[in-house]
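Structure file start38.pdb with PDB, C-alpha atoms:
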```
MODEL        1
ATOM      1  CA  MET A 108     -21.181  72.236  17.189
ATOM      2  CA  SER A 109     -22.411  69.154  19.052
ATOM      3  CA  ILE A 110     -22.417  65.619  17.566
ATOM      4  CA  PRO A 111     -25.678  63.698  17.907
ATOM      5  CA  ARG A 112     -25.553  60.842  20.424
ATOM      6  CA  THR A 113     -26.755  58.412  17.755
ATOM      7  CA  ASN A 114     -23.715  59.207  15.635
ATOM      8  CA  LEU A 115     -21.441  58.775  18.645
ATOM      9  CA  ARG A 116     -22.892  55.358  19.385
ATOM     10  CA  ARG A 117     -22.492  54.362  15.752
ATOM     11  CA  GLY A 118     -18.899  55.568  15.808
ATOM     12  CA  LYS A 119     -18.092  53.569  18.939
ATOM     13  CA  LEU A 120     -19.788  50.476  17.487
ATOM     14  CA  TRP A 121     -17.822  50.785  14.262
ATOM     15  CA  SER A 122     -14.611  51.231  16.252
ATOM     16  CA  ARG A 123     -15.326  48.070  18.267
ATOM     17  CA  ARG A 124     -16.077  46.122  15.102
ATOM     18  CA  ARG A 125     -12.852  47.363  13.564
ATOM     19  CA  ASP A 126     -10.908  46.312  16.665
ATOM     20  CA  LEU A 127     -12.559  42.880  16.633
ATOM     21  CA  GLY A 128     -11.753  42.551  12.939
ATOM     22  CA  LEU A 129      -8.110  43.384  13.622
ATOM     23  CA  LEU A 130      -8.000  40.864  16.469
ATOM     24  CA  PHE A 131      -9.493  38.190  14.193
ATOM     25  CA  GLU A 132      -6.956  38.951  11.474
ATOM     26  CA  CYS A 133      -4.149  38.701  14.023
ATOM     27  CA  ALA A 134      -5.482  35.376  15.267
ATOM     28  CA  VAL A 135      -5.610  34.058  11.705
ATOM     29  CA  LEU A 136      -2.044  35.213  11.075
ATOM     30  CA  VAL A 137      -0.839  33.561  14.284
ATOM     31  CA  ALA A 138      -2.623  30.309  13.338
ATOM     32  CA  CYS A 139      -1.118  30.387   9.853
ATOM     33  CA  ALA A 140       2.331  31.032  11.296
ATOM     34  CA  ALA A 141       1.908  28.124  13.713
ATOM     35  CA  ALA A 142       0.794  25.861  10.879
ATOM     36  CA  ALA A 143       3.765  26.939   8.781
ATOM     37  CA  MET A 144       6.105  26.238  11.693
ATOM     38  CA  ALA A 145       4.511  22.790  12.133
ATOM     39  CA  LEU A 146       5.024  22.060   8.441
ATOM     40  CA  ARG A 147       8.623  23.209   8.661
ATOM     41  CA  ALA A 148       9.059  20.970  11.715
ATOM     42  CA  GLN A 149       8.102  18.009   9.520
ATOM     43  CA  ASP A 150      10.794  18.783   6.992
ATOM     44  CA  LYS A 151      13.681  17.577   9.139
ATOM     45  CA  ASN A 152      14.023  14.727  11.575
ATOM     46  CA  PRO A 153      15.174  16.062  14.991
ATOM     47  CA  PHE A 154      16.559  12.572  15.766
ATOM     48  CA  ALA A 155      18.584  12.156  12.574
ATOM     49  CA  GLY A 156      21.670  10.048  13.267
ATOM     50  CA  ASP A 157      20.609   9.384  16.873
ATOM     51  CA  ALA A 158      21.270   5.679  17.575
ATOM     52  CA  LYS A 159      19.223   5.704  20.799
ATOM     53  CA  ALA A 160      16.229   7.234  19.002
ATOM     54  CA  ALA A 161      16.563   4.603  16.267
ATOM     55  CA  LYS A 162      16.466   1.872  18.932
ATOM     56  CA  VAL A 163      13.272   3.338  20.402
ATOM     57  CA  GLY A 164      11.930   3.670  16.864
ATOM     58  CA  GLU A 165      12.550  -0.041  16.290
ATOM     59  CA  SER A 166      10.178  -0.840  19.159
ATOM     60  CA  GLN A 167       7.557   1.493  17.717
ATOM     61  CA  PHE A 168       8.059  -0.064  14.294
ATOM     62  CA  ARG A 169       7.577  -3.570  15.677
ATOM     63  CA  ALA A 170       4.371  -2.514  17.421
ATOM     64  CA  ASN A 171       2.820  -0.473  14.620
ATOM     65  CA  CYS A 172       4.479  -1.294  11.285
ATOM     66  CA  ALA A 173       5.998  -4.791  11.303
ATOM     67  CA  PHE A 174       2.620  -6.464  10.815
ATOM     68  CA  CYS A 175       2.745  -5.320   7.176
ATOM     69  CA  HIS A 176       6.397  -4.416   6.569
ATOM     70  CA  GLY A 177       8.124  -7.298   8.368
ATOM     71  CA  LEU A 178      10.228  -7.260  11.550
ATOM     72  CA  GLY A 179      13.336  -6.065   9.727
ATOM     73  CA  ALA A 180      11.439  -3.588   7.508
ATOM     74  CA  ARG A 181      12.287  -5.777   4.504
ATOM     75  CA  GLY A 182       8.698  -6.117   3.394
ATOM     76  CA  GLY A 183       5.904  -8.462   4.379
ATOM     77  CA  GLY A 184       2.837  -9.924   2.745
ATOM     78  CA  ARG A 185       1.196  -6.502   2.606
ATOM     79  CA  GLY A 186       3.782  -3.745   2.981
ATOM     80  CA  PRO A 187       6.809  -2.902   0.800
ATOM     81  CA  ASP A 188      10.487  -3.289   1.590
ATOM     82  CA  LEU A 189      11.565  -0.102   3.421
ATOM     83  CA  THR A 190      15.275  -0.855   3.486
ATOM     84  CA  ARG A 191      15.647   0.341  -0.093
ATOM     85  CA  ALA A 192      17.165   3.767  -0.645
ATOM     86  CA  GLN A 193      14.453   4.590  -3.192
ATOM     87  CA  LYS A 194      10.915   4.791  -1.778
ATOM     88  CA  ARG A 195       7.860   4.787  -4.024
ATOM     89  CA  HIS A 196       6.197   7.745  -2.255
ATOM     90  CA  GLY A 197       9.276   9.895  -1.691
ATOM     91  CA  ASN A 198      12.750   9.506  -0.187
ATOM     92  CA  ALA A 199      13.121  12.592   2.041
ATOM     93  CA  ASP A 200      12.382  12.525   5.765
ATOM     94  CA  ALA A 201       9.419  14.828   5.164
ATOM     95  CA  ASP A 202       8.035  12.350   2.607
ATOM     96  CA  LEU A 203       8.326   9.475   5.074
ATOM     97  CA  PHE A 204       6.672  11.526   7.813
ATOM     98  CA  ARG A 205       3.763  12.391   5.533
ATOM     99  CA  THR A 206       3.341   8.799   4.365
ATOM    100  CA  ILE A 207       3.288   7.438   7.925
ATOM    101  CA  ASN A 208       1.059  10.171   9.303
ATOM    102  CA  GLU A 209      -1.423  10.532   6.447
ATOM    103  CA  GLY A 210      -1.305   7.066   4.899
ATOM    104  CA  VAL A 211      -1.555   6.384   1.186
ATOM    105  CA  PRO A 212      -5.114   6.572  -0.209
ATOM    106  CA  GLY A 213      -6.123   3.612  -2.311
ATOM    107  CA  THR A 214      -3.639   1.262  -0.642
ATOM    108  CA  ALA A 215      -3.480  -0.806   2.550
ATOM    109  CA  MET A 216      -1.347   1.926   4.180
ATOM    110  CA  PRO A 217      -3.715   3.621   6.675
ATOM    111  CA  PRO A 218      -3.407   7.028   8.333
ATOM    112  CA  ASN A 219      -1.559   7.020  11.651
ATOM    113  CA  GLY A 220      -3.712   5.313  14.285
ATOM    114  CA  ALA A 221      -6.520   4.346  11.912
ATOM    115  CA  THR A 222      -6.355   0.597  12.519
ATOM    116  CA  GLN A 223      -6.136  -1.853  15.383
ATOM    117  CA  GLN A 224      -2.494  -2.435  14.421
ATOM    118  CA  GLY A 225      -1.570   1.224  14.761
ATOM    119  CA  VAL A 226      -2.616   2.730  18.085
ATOM    120  CA  GLY A 227      -1.605   6.233  17.052
ATOM    121  CA  MET A 228       1.953   7.543  17.265
ATOM    122  CA  THR A 229       2.982  11.005  18.379
ATOM    123  CA  GLU A 230       5.058  13.230  16.100
ATOM    124  CA  GLN A 231       8.137  12.334  18.136
ATOM    125  CA  GLU A 232       7.456   8.610  17.796
ATOM    126  CA  ILE A 233       7.027   8.930  14.025
ATOM    127  CA  TRP A 234      10.420  10.642  13.778
ATOM    128  CA  GLN A 235      11.939   7.854  15.871
ATOM    129  CA  VAL A 236      10.476   5.273  13.495
ATOM    130  CA  ILE A 237      11.993   7.190  10.572
ATOM    131  CA  SER A 238      15.356   7.120  12.383
ATOM    132  CA  TYR A 239      15.041   3.344  12.649
ATOM    133  CA  ILE A 240      14.176   3.032   8.947
ATOM    134  CA  ARG A 241      17.233   5.115   8.071
ATOM    135  CA  SER A 242      19.411   2.879  10.273
ATOM    136  CA  VAL A 243      18.449  -0.269   8.340
ATOM    137  CA  GLN A 244      18.247   1.359   4.921
ATOM    138  CA  ALA A 245      20.713   0.356   2.244
ATOM    139  CA  LYS A 246      23.230   3.142   1.664
ATOM    140  CA  ALA A 247      23.098   2.741  -2.108
ATOM    141  CA  PRO A 248      20.917   0.806  -4.530
ATOM    142  CA  ALA A 249      22.244  -2.748  -4.781
ATOM    143  CA  GLN A 250      23.350  -4.075  -8.127
ATOM    144  CA  ILE A 251      20.571  -6.364  -9.339
ATOM    145  CA  PRO A 252      21.975  -9.805 -10.219
ATOM    146  CA  GLY A 253      20.551 -11.628 -13.190
ATOM    147  CA  ASN A 254      19.810 -10.852 -16.818
ATOM    148  CA  ALA A 255      16.708  -8.639 -16.913
ATOM    149  CA  ALA A 256      16.426  -8.833 -20.715
ATOM    150  CA  HIS A 257      16.343 -12.622 -20.582
ATOM    151  CA  GLY A 258      13.920 -12.434 -17.655
ATOM    152  CA  LYS A 259      11.557 -10.359 -19.779
ATOM    153  CA  GLU A 260      11.729 -12.951 -22.553
ATOM    154  CA  LEU A 261      10.843 -15.674 -20.050
ATOM    155  CA  PHE A 262       8.029 -13.603 -18.508
ATOM    156  CA  TYR A 263       6.305 -13.090 -21.867
ATOM    157  CA  GLY A 264       7.494 -16.349 -23.357
ATOM    158  CA  ASN A 265       8.214 -19.885 -22.193
ATOM    159  CA  VAL A 266       7.497 -19.399 -18.478
ATOM    160  CA  GLY A 267       4.083 -17.947 -19.300
ATOM    161  CA  CYS A 268       3.850 -15.359 -16.510
ATOM    162  CA  SER A 269       2.093 -12.884 -18.806
ATOM    163  CA  THR A 270      -0.753 -15.333 -19.350
ATOM    164  CA  CYS A 271      -2.114 -14.270 -15.963
ATOM    165  CA  HIS A 272      -0.079 -11.207 -14.935
ATOM    166  CA  MET A 273       0.092  -7.750 -16.453
ATOM    167  CA  ILE A 274       3.012  -5.312 -16.491
ATOM    168  CA  GLN A 275       2.458  -1.758 -17.714
ATOM    169  CA  GLY A 276      -0.744  -2.677 -19.522
ATOM    170  CA  LYS A 277       0.578  -5.795 -21.264
ATOM    171  CA  GLY A 278      -0.438  -9.283 -20.136
ATOM    172  CA  GLY A 279      -3.294 -11.126 -18.452
ATOM    173  CA  ARG A 280      -5.781 -10.088 -15.773
ATOM    174  CA  LEU A 281      -6.329 -13.323 -13.868
ATOM    175  CA  GLY A 282      -3.519 -12.566 -11.399
ATOM    176  CA  PRO A 283      -2.219  -9.363  -9.759
ATOM    177  CA  ASP A 284      -0.756  -6.548 -11.855
ATOM    178  CA  LEU A 285       3.018  -6.695 -11.272
ATOM    179  CA  SER A 286       3.947  -3.275 -12.683
ATOM    180  CA  THR A 287       5.127  -1.917  -9.327
ATOM    181  CA  THR A 288       5.862  -5.142  -7.468
ATOM    182  CA  GLY A 289       9.594  -4.759  -8.009
ATOM    183  CA  SER A 290       9.640  -1.429  -6.154
ATOM    184  CA  ALA A 291       7.632  -2.767  -3.236
ATOM    185  CA  ARG A 292       8.770  -6.334  -2.633
ATOM    186  CA  SER A 293      12.043  -7.840  -1.515
ATOM    187  CA  ARG A 294      13.890 -10.437  -3.550
ATOM    188  CA  ASP A 295      13.084 -13.124  -0.958
ATOM    189  CA  TYR A 296       9.384 -12.301  -1.189
ATOM    190  CA  LEU A 297       9.423 -12.625  -4.977
ATOM    191  CA  VAL A 298      11.297 -15.935  -4.849
ATOM    192  CA  GLU A 299       8.773 -17.358  -2.400
ATOM    193  CA  SER A 300       5.818 -16.062  -4.414
ATOM    194  CA  ILE A 301       7.093 -17.906  -7.499
ATOM    195  CA  ARG A 302       8.247 -21.090  -5.795
ATOM    196  CA  ASN A 303       5.286 -21.360  -3.395
ATOM    197  CA  PRO A 304       2.445 -19.077  -4.568
ATOM    198  CA  SER A 305      -0.191 -20.554  -2.242
ATOM    199  CA  ARG A 306       1.636 -19.791   1.008
ATOM    200  CA  ARG A 307       0.472 -16.194   1.531
ATOM    201  CA  LEU A 308      -2.967 -16.840   0.073
ATOM    202  CA  ALA A 309      -3.415 -19.622   2.630
ATOM    203  CA  GLN A 310      -2.778 -17.161   5.475
ATOM    204  CA  GLY A 311      -6.192 -15.579   4.954
ATOM    205  CA  ILE A 312      -5.614 -11.816   4.729
ATOM    206  CA  SER A 313      -8.380  -9.756   6.332
ATOM    207  CA  GLU A 314     -10.481  -7.453   4.164
ATOM    208  CA  ALA A 315      -9.019  -4.175   5.434
ATOM    209  CA  MET A 316      -5.416  -5.283   5.009
ATOM    210  CA  LYS A 317      -5.434  -7.067   1.654
ATOM    211  CA  GLU A 318      -2.170  -6.980  -0.205
ATOM    212  CA  PHE A 319      -4.017  -6.498  -3.484
ATOM    213  CA  SER A 320      -7.480  -5.111  -4.253
ATOM    214  CA  GLN A 321      -8.765  -8.688  -4.311
ATOM    215  CA  GLU A 322      -7.544 -11.873  -2.675
ATOM    216  CA  TYR A 323      -7.379 -14.037  -5.818
ATOM    217  CA  GLU A 324      -9.090 -16.833  -3.924
ATOM    218  CA  THR A 325      -9.687 -19.858  -6.183
ATOM    219  CA  VAL A 326     -13.322 -20.775  -6.824
ATOM    220  CA  SER A 327     -14.994 -23.664  -8.633
ATOM    221  CA  VAL A 328     -18.650 -23.282  -9.659
ATOM    222  CA  VAL A 329     -21.096 -25.752 -11.206
ATOM    223  CA  THR A 330     -24.299 -24.252 -12.579
ATOM    224  CA  ALA A 331     -27.745 -25.848 -12.428
ATOM    225  CA  GLU A 332     -27.198 -27.007 -16.033
ATOM    226  CA  GLY A 333     -23.951 -28.763 -15.070
ATOM    227  CA  THR A 334     -21.505 -26.263 -16.602
ATOM    228  CA  LYS A 335     -18.302 -25.904 -14.577
ATOM    229  CA  PHE A 336     -16.301 -22.690 -14.198
ATOM    230  CA  VAL A 337     -12.940 -22.320 -12.413
ATOM    231  CA  GLY A 338     -11.310 -18.989 -11.658
ATOM    232  CA  VAL A 339     -10.852 -16.335  -8.987
ATOM    233  CA  VAL A 340     -13.346 -14.515  -6.784
ATOM    234  CA  LEU A 341     -13.826 -10.841  -7.652
ATOM    235  CA  ASN A 342     -16.750  -9.892  -5.398
ATOM    236  CA  GLU A 343     -19.078 -11.817  -3.139
ATOM    237  CA  ASP A 344     -21.981 -11.258  -0.757
ATOM    238  CA  HIS A 345     -24.523 -13.540   0.915
ATOM    239  CA  PHE A 346     -26.556 -13.938  -2.264
ATOM    240  CA  THR A 347     -24.271 -13.498  -5.276
ATOM    241  CA  LEU A 348     -20.777 -14.331  -6.512
ATOM    242  CA  GLN A 349     -18.784 -12.498  -9.175
ATOM    243  CA  MET A 350     -15.802 -14.355 -10.601
ATOM    244  CA  MET A 351     -13.309 -14.317 -13.463
ATOM    245  CA  ASP A 352     -12.678 -17.684 -15.072
ATOM    246  CA  THR A 353      -9.374 -18.939 -16.456
ATOM    247  CA  ARG A 354     -10.270 -17.486 -19.878
ATOM    248  CA  GLU A 355     -10.721 -14.052 -18.235
ATOM    249  CA  GLN A 356     -14.485 -14.129 -18.751
ATOM    250  CA  LEU A 357     -16.585 -12.437 -16.054
ATOM    251  CA  HIS A 358     -19.558 -14.223 -14.491
ATOM    252  CA  LEU A 359     -22.191 -13.214 -11.965
ATOM    253  CA  PHE A 360     -24.067 -16.029 -10.250
ATOM    254  CA  GLU A 361     -26.945 -16.199  -7.790
ATOM    255  CA  LYS A 362     -25.735 -18.644  -5.179
ATOM    256  CA  ASP A 363     -29.064 -20.352  -4.534
ATOM    257  CA  LYS A 364     -29.267 -21.300  -8.229
ATOM    258  CA  LEU A 365     -25.885 -23.068  -8.329
ATOM    259  CA  ARG A 366     -25.467 -26.819  -8.100
ATOM    260  CA  SER A 367     -22.197 -26.377  -6.209
ATOM    261  CA  LEU A 368     -19.740 -23.685  -5.143
ATOM    262  CA  GLU A 369     -16.320 -24.500  -3.708
ATOM    263  CA  LYS A 370     -13.610 -22.069  -2.696
ATOM    264  CA  SER A 371      -9.971 -22.861  -2.032
ATOM    265  CA  ARG A 372      -6.970 -20.972  -0.778
ATOM    266  CA  GLU A 373      -4.789 -22.978  -3.140
ATOM    267  CA  SER A 374      -3.543 -20.583  -5.813
ATOM    268  CA  LEU A 375      -4.301 -21.167  -9.489
ATOM    269  CA  MET A 376      -0.679 -20.194 -10.123
ATOM    270  CA  PRO A 377       1.532 -23.295 -10.387
ATOM    271  CA  ALA A 378       4.443 -23.695  -7.991
ATOM    272  CA  TYR A 379       7.507 -23.180 -10.193
ATOM    273  CA  ASP A 380       9.990 -25.773  -8.939
ATOM    274  CA  GLN A 381      13.474 -26.117 -10.402
ATOM    275  CA  LYS A 382      12.251 -28.475 -13.115
ATOM    276  CA  MET A 383       9.882 -25.787 -14.390
ATOM    277  CA  LEU A 384      12.194 -22.838 -13.696
ATOM    278  CA  SER A 385      15.889 -23.182 -12.917
ATOM    279  CA  ASP A 386      17.542 -21.000 -10.274
ATOM    280  CA  LYS A 387      19.327 -19.018 -12.999
ATOM    281  CA  ASP A 388      16.122 -18.378 -14.954
ATOM    282  CA  LEU A 389      14.322 -17.474 -11.729
ATOM    283  CA  GLN A 390      17.055 -14.944 -10.980
ATOM    284  CA  ASP A 391      16.591 -13.445 -14.456
ATOM    285  CA  VAL A 392      12.803 -13.149 -14.055
ATOM    286  CA  ILE A 393      13.252 -11.431 -10.685
ATOM    287  CA  ALA A 394      15.859  -9.085 -12.188
ATOM    288  CA  TYR A 395      13.245  -8.087 -14.759
ATOM    289  CA  LEU A 396      10.562  -7.529 -12.094
ATOM    290  CA  LEU A 397      12.924  -5.509  -9.891
ATOM    291  CA  GLY A 398      14.077  -3.433 -12.835
ATOM    292  CA  VAL A 399      10.656  -2.634 -14.258
ATOM    293  CA  GLY A 400       9.352  -1.637 -10.815
ATOM    294  CA  ALA A 401      12.299   0.552  -9.852
ATOM    295  CA  PRO A 402      11.365   4.192  -9.001
TER     296      PRO A 402
ENDMDL
END
```
Show this structure as structure tokens.
Amino acid sequence: MSIPRTNLRRGKLWSRRRDLGLLFECAVLVACAAAAMALRAQDKNPFAGDAKAAKVGESQFRANCAFCHGLGARGGGRGPDLTRAQKRHGNADADLFRTINEGVPGTAMPPNGATQQGVGMTEQEIWQVISYIRSVQAKAPAQIPGNAAHGKELFYGNVGCSTCHMIQGKGGRLGPDLSTTGSARSRDYLVESIRNPSRRLAQGISEAMKEFSQEYETVSVVTAEGTKFVGVVLNEDHFTLQMMDTREQLHLFEKDKLRSLEKSRESLMPAYDQKMLSDKDLQDVIAYLLGVGAP
């Protein structure tokens, strides 16, 4: 019994399609295996404990990370202190690799190579940077000096921090929310921010690298009717200005209808000298901030 040629051609075509399907499935499996191996490769630092790699990583850190995190990784005006054993976005090497490579959405931490500051590091260079971070990292969480309970009383009481700052939903909105500041900022940074709050504001942080979602630039507005408002800039374009005044009231102004508009990089926050806040009380306030922001 002979098989029609049409059926033979159909059989060969089906066989080829089946072979192509098998090849495609194999290719997918190989790709998945490669991806899994790549993920596993990110779980462990191949340069762990390597002093030479850490030294190379320090150079990479200075070139790509120190702009925000400071030369010694102890935190800068924009990036958190990385010498702490506890990291906000994970403590394992794999967590650090992911944070550096993928960035942190919604923050000033960009993906690897996404800004002029970061030219794009290879996987090896990222691991070397992690080795450097581990070399300067504190071996154990330091005991926080100061009385955090008293610091909390001062924050919400006599010192008046909560008039402008919020922690965990309680406090004012005129200044930055400080709920996580303690986990991101070094003690020195916090001392300077309280003693001299205008210093970092005066530096003029660029839009893409703001420390906070707004700059808290001081603005003074006089309307056409002569009413004066003082507060912080929320949003601004060529034609309009949105601000929050010192009573936390929101205002939207058309610039061409204002009598005057003056902006200043002098913070509305007073500089707390030792007459306003003793060194001991300052230490207590910082102990509270560090404690409430701890991971």
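The smallest atom-to-atom distance between Ala394 in chain A and any of A:Gly289, A:Pro153, A:Pro283, A:Gly253, using only C-alpha atoms, is found for A:Gly253.
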Write out as a compact mmCIF listing (two decimals) with C-alpha atoms, keeping the file's coordinate frame which residues come within 12 Å of Asp386 in chain A when counting all atoms listed in the file, dropping same-chain ones fewer than 3 positions away.
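Written output follows (selection37.txt):
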```
# COMPACT_ATOMS: atom_id res chain seq x y z
CA GLY A 253 20.55 -11.63 -13.19
CA GLY A 258 13.92 -12.43 -17.66
CA VAL A 298 11.30 -15.94 -4.85
CA ILE A 301 7.09 -17.91 -7.50
CA ARG A 302 8.25 -21.09 -5.80
CA TYR A 379 7.51 -23.18 -10.19
CA ASP A 380 9.99 -25.77 -8.94
CA GLN A 381 13.47 -26.12 -10.40
CA LYS A 382 12.25 -28.48 -13.12
CA MET A 383 9.88 -25.79 -14.39
CA LEU A 389 14.32 -17.47 -11.73
CA GLN A 390 17.06 -14.94 -10.98
CA ASP A 391 16.59 -13.44 -14.46
CA VAL A 392 12.80 -13.15 -14.06
CA ILE A 393 13.25 -11.43 -10.68
```
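With CA of Met228 in chain A on one side and CA of Arg292 in chain A on the other, the separation reads 25.2 Å.
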Legend entry - For CA of Gly182 in chain A and CA of Ala255 in chain A, the interatomic separation in Å (one decimal):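 Between these atoms lies a distance of 22.0 Å.
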Inset, instruction - Quick one: apply the PyMOL selection byres ((chain A and resi 370) around 8) to the file and drop the selected residues here as a ChimeraX atom specification. - result: /A:324-327,368-369,371-372
Legend entry - Spatial neighbours of Phe204 in chain A, 9 Å, all atoms listed in the file, chain gap at least 6 places, as a list in words: Gln149, Asp150, Asn152, Glu230, Ile233, Trp234 and Ile237 of chain A
Inset, instruction - Just give me the gap between CA of Gln231 in chain A and CA of Gln167 in chain A in Å, one decimal is fine. - result: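 Atom-to-atom, CA of Gln231 in chain A to CA of Gln167 in chain A, that is 10.9 Å.
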Inset, instruction - Name all residues at most 10 Å from Glu343 in chain A (count only C-alpha atoms; drop same-chain ones fewer than 3 positions away) and give them as a ChimeraX atom specification. - result: /A:340,346-350,359-360,362
Legend entry - Using all atoms listed in the file: which of A:Leu178, A:Leu365, A:Leu375, A:Val337 has the shortest distance to Cys271 in chain A: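 Among A:Leu178, A:Leu365, A:Leu375, A:Val337, it is A:Leu375 that comes nearest to Cys271 in chain A.
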Once the PyMOL selection byres ((chain A and resi 154) around 12) is applied to the coordinates I shared, what remains selected? I want it as a PDB file with C-alpha atoms, in the coordinates of the input.
```pdb
ATOM      1  CA  ALA A 148       9.059  20.970  11.715  1.00  0.00           C
ATOM      2  CA  GLN A 149       8.102  18.009   9.520  1.00  0.00           C
ATOM      3  CA  LYS A 151      13.681  17.577   9.139  1.00  0.00           C
ATOM      4  CA  ASN A 152      14.023  14.727  11.575  1.00  0.00           C
ATOM      5  CA  PRO A 153      15.174  16.062  14.991  1.00  0.00           C
ATOM      6  CA  ALA A 155      18.584  12.156  12.574  1.00  0.00           C
ATOM      7  CA  GLY A 156      21.670  10.048  13.267  1.00  0.00           C
ATOM      8  CA  ASP A 157      20.609   9.384  16.873  1.00  0.00           C
ATOM      9  CA  ALA A 158      21.270   5.679  17.575  1.00  0.00           C
ATOM     10  CA  LYS A 159      19.223   5.704  20.799  1.00  0.00           C
ATOM     11  CA  ALA A 160      16.229   7.234  19.002  1.00  0.00           C
ATOM     12  CA  ALA A 161      16.563   4.603  16.267  1.00  0.00           C
ATOM     13  CA  LYS A 162      16.466   1.872  18.932  1.00  0.00           C
ATOM     14  CA  VAL A 163      13.272   3.338  20.402  1.00  0.00           C
ATOM     15  CA  GLY A 164      11.930   3.670  16.864  1.00  0.00           C
ATOM     16  CA  ASP A 200      12.382  12.525   5.765  1.00  0.00           C
ATOM     17  CA  GLU A 230       5.058  13.230  16.100  1.00  0.00           C
ATOM     18  CA  GLN A 231       8.137  12.334  18.136  1.00  0.00           C
ATOM     19  CA  GLU A 232       7.456   8.610  17.796  1.00  0.00           C
ATOM     20  CA  ILE A 233       7.027   8.930  14.025  1.00  0.00           C
ATOM     21  CA  TRP A 234      10.420  10.642  13.778  1.00  0.00           C
ATOM     22  CA  GLN A 235      11.939   7.854  15.871  1.00  0.00           C
ATOM     23  CA  VAL A 236      10.476   5.273  13.495  1.00  0.00           C
ATOM     24  CA  ILE A 237      11.993   7.190  10.572  1.00  0.00           C
ATOM     25  CA  SER A 238      15.356   7.120  12.383  1.00  0.00           C
ATOM     26  CA  TYR A 239      15.041   3.344  12.649  1.00  0.00           C
ATOM     27  CA  ILE A 240      14.176   3.032   8.947  1.00  0.00           C
ATOM     28  CA  ARG A 241      17.233   5.115   8.071  1.00  0.00           C
ATOM     29  CA  SER A 242      19.411   2.879  10.273  1.00  0.00           C
TER      30      SER A 242
END
```
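When only C-alpha atoms are used to measure the gap to Gly179 in chain A, the shortest distance among A:Asn342, A:Thr353, A:Thr334, A:Gln244 belongs to A:Gln244.
Of the listed residues (A:Gly210, A:Gly186, A:Gly220, A:Gly279), A:Gly279 comes nearest to Tyr263 in chain A; the distances count all atoms listed in the file.
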